[in-house]
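Structure data (compact mmCIF, C-alpha atoms) from upload.txt:
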```txt
# COMPACT_ATOMS: atom_id res chain seq x y z
CA MET A 27 -30.04 32.40 -13.70
CA LYS A 28 -29.27 32.13 -9.98
CA ARG A 29 -32.29 29.88 -9.45
CA SER A 30 -31.31 27.49 -12.24
CA MET A 31 -27.77 27.17 -10.82
CA GLY A 32 -29.26 26.27 -7.46
CA LEU A 33 -31.44 23.63 -9.11
CA VAL A 34 -28.45 22.16 -10.97
CA LEU A 35 -26.44 22.09 -7.74
CA ALA A 36 -29.30 20.41 -5.85
CA VAL A 37 -29.64 17.71 -8.53
CA ALA A 38 -25.88 17.13 -8.52
CA LEU A 39 -25.76 16.80 -4.74
CA ALA A 40 -28.76 14.47 -4.71
CA GLY A 41 -26.82 12.11 -6.95
CA CYS A 42 -23.94 12.04 -4.45
CA THR A 43 -25.81 10.95 -1.37
CA VAL A 44 -24.96 7.48 -0.07
CA SER A 45 -26.71 5.47 2.60
CA THR A 46 -23.91 4.30 4.89
CA GLY A 47 -26.00 2.58 7.55
CA SER A 48 -28.09 0.32 5.33
CA TYR A 49 -27.07 -3.33 5.03
CA SER A 50 -30.37 -4.52 3.61
CA SER A 51 -28.82 -5.53 0.30
CA ALA A 52 -27.73 -9.13 -0.05
CA GLY A 53 -24.71 -7.95 -2.03
CA LEU A 54 -23.21 -9.79 -4.97
CA GLU A 55 -23.21 -13.56 -5.22
CA PRO A 56 -19.82 -15.10 -4.38
CA ILE A 57 -17.81 -16.62 -7.22
CA PRO A 58 -14.84 -19.03 -6.97
CA GLY A 59 -12.03 -17.03 -5.37
CA SER A 60 -14.33 -14.81 -3.27
CA ILE A 61 -13.67 -14.87 0.46
CA THR A 62 -17.29 -15.90 1.03
CA TYR A 63 -17.48 -18.49 -1.78
CA ASN A 64 -17.70 -21.47 0.61
CA GLY A 65 -19.68 -19.51 3.22
CA GLN A 66 -18.68 -16.86 5.69
CA PRO A 67 -15.15 -17.04 7.16
CA ARG A 68 -14.91 -19.02 10.40
CA THR A 69 -12.96 -16.29 12.17
CA LYS A 70 -14.93 -13.16 13.00
CA LEU A 71 -13.37 -9.81 12.19
CA THR A 72 -13.56 -8.49 15.74
CA LYS A 73 -10.91 -5.77 15.49
CA SER A 74 -12.28 -4.10 12.37
CA PRO A 75 -15.02 -1.51 12.82
CA VAL A 76 -18.52 -2.32 11.58
CA GLY A 77 -19.09 -0.66 8.22
CA SER A 78 -15.43 -0.66 7.27
CA SER A 79 -14.42 -2.02 3.90
CA PHE A 80 -11.42 -3.80 2.44
CA PRO A 81 -10.38 -5.13 -1.00
CA HIS A 82 -9.59 -8.68 -2.07
CA SER A 83 -7.93 -9.49 -5.42
CA PHE A 84 -7.86 -12.90 -7.08
CA THR A 85 -7.95 -14.71 -10.41
CA ASP A 86 -11.30 -16.28 -11.30
CA GLN A 87 -11.87 -19.68 -12.93
CA TRP A 88 -11.51 -18.13 -16.43
CA GLY A 89 -8.19 -16.44 -15.67
CA ARG A 90 -9.58 -12.92 -15.24
CA GLN A 91 -8.20 -10.63 -12.56
CA VAL A 92 -10.98 -9.72 -10.12
CA GLU A 93 -11.09 -7.19 -7.30
CA GLU A 94 -13.92 -7.31 -4.77
CA ILE A 95 -14.70 -4.79 -2.06
CA TYR A 96 -16.14 -6.22 1.17
CA ILE A 97 -18.05 -4.40 3.93
CA ILE A 98 -18.18 -5.70 7.50
CA ARG A 99 -21.79 -5.97 8.66
CA PRO A 100 -22.96 -5.44 12.27
CA ASP A 101 -23.11 -9.23 12.82
CA ARG A 102 -19.46 -9.44 11.60
CA THR A 103 -20.32 -11.23 8.37
CA LEU A 104 -18.98 -9.95 5.05
CA LEU A 105 -20.97 -8.32 2.25
CA ILE A 106 -19.53 -8.19 -1.27
CA ALA A 107 -20.31 -4.57 -2.10
CA GLU A 108 -18.44 -4.22 -5.42
CA ARG A 109 -16.75 -6.42 -8.00
CA HIS A 110 -14.45 -5.20 -10.76
CA TYR A 111 -12.84 -7.19 -13.56
CA ARG A 112 -9.45 -6.01 -14.79
CA PRO A 113 -8.91 -5.95 -18.55
CA VAL A 114 -7.14 -9.04 -19.89
CA PHE A 115 -5.27 -7.25 -22.68
CA SER A 116 -3.53 -3.92 -22.47
CA LEU A 117 -3.24 -1.60 -25.44
CA ASP A 118 -0.02 -0.16 -23.96
CA ASP A 119 2.10 -3.29 -24.58
CA ASP A 120 5.40 -2.35 -26.17
```

Can you give me the file's structure in the form of structure tokens?
Amino acid sequence: MKRSMGLVLAVALAGCTVSTGSYSSAGLEPIPGSITYNGQPRTKLTKSPVGSSFPHSFTDQWGRQVEEIYIIRPDRTLLIAERHYRPVFSLDDD
């Protein structure tokens, strides 16, 4: 029993590991409204630490609410790490 709990814990922890230093991914393709849609920003983010992230919310060309998470790469360019679409309709409307 003790051995199987250790195995379950090891599998659970293995699923939680994240590589924080790897920027090998190209990230998501920019869409209209993304900060990097027309290329990288002209101003470099010199005060923000490399590897830090920040959100950006906008409405896409179809009227959907979008939130993207950007990561600052070592060369100070931006990587779109995540993109989430907010639901258009809410079931809580009263």

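The residue that comes closest to Arg99 (chain A), out of A:Pro58, A:Gly53, A:Gly65, A:Pro81 and on the basis of only C-alpha atoms, is A:Gly53.
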
Which residues are near Tyr96 (chain A)? Cut-off 7 Å, only C-alpha atoms, ignore same chain within fewer than 5 positions. Put them as a PyMOL selection string. chain A and resi 79-81+104-107

Please compute the CA of Asn64 (chain A)-CA of Arg90 (chain A) distance, one decimal, in Å.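 Between CA of Asn64 (chain A) and CA of Arg90 (chain A) the gap works out to 19.8 Å.
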
Long-range neighbours of Tyr111 (chain A) as a PyMOL selection string, 12 Å cut-off, only C-alpha atoms, 6 positions minimum in chain: chain A and resi 83-86+88-95
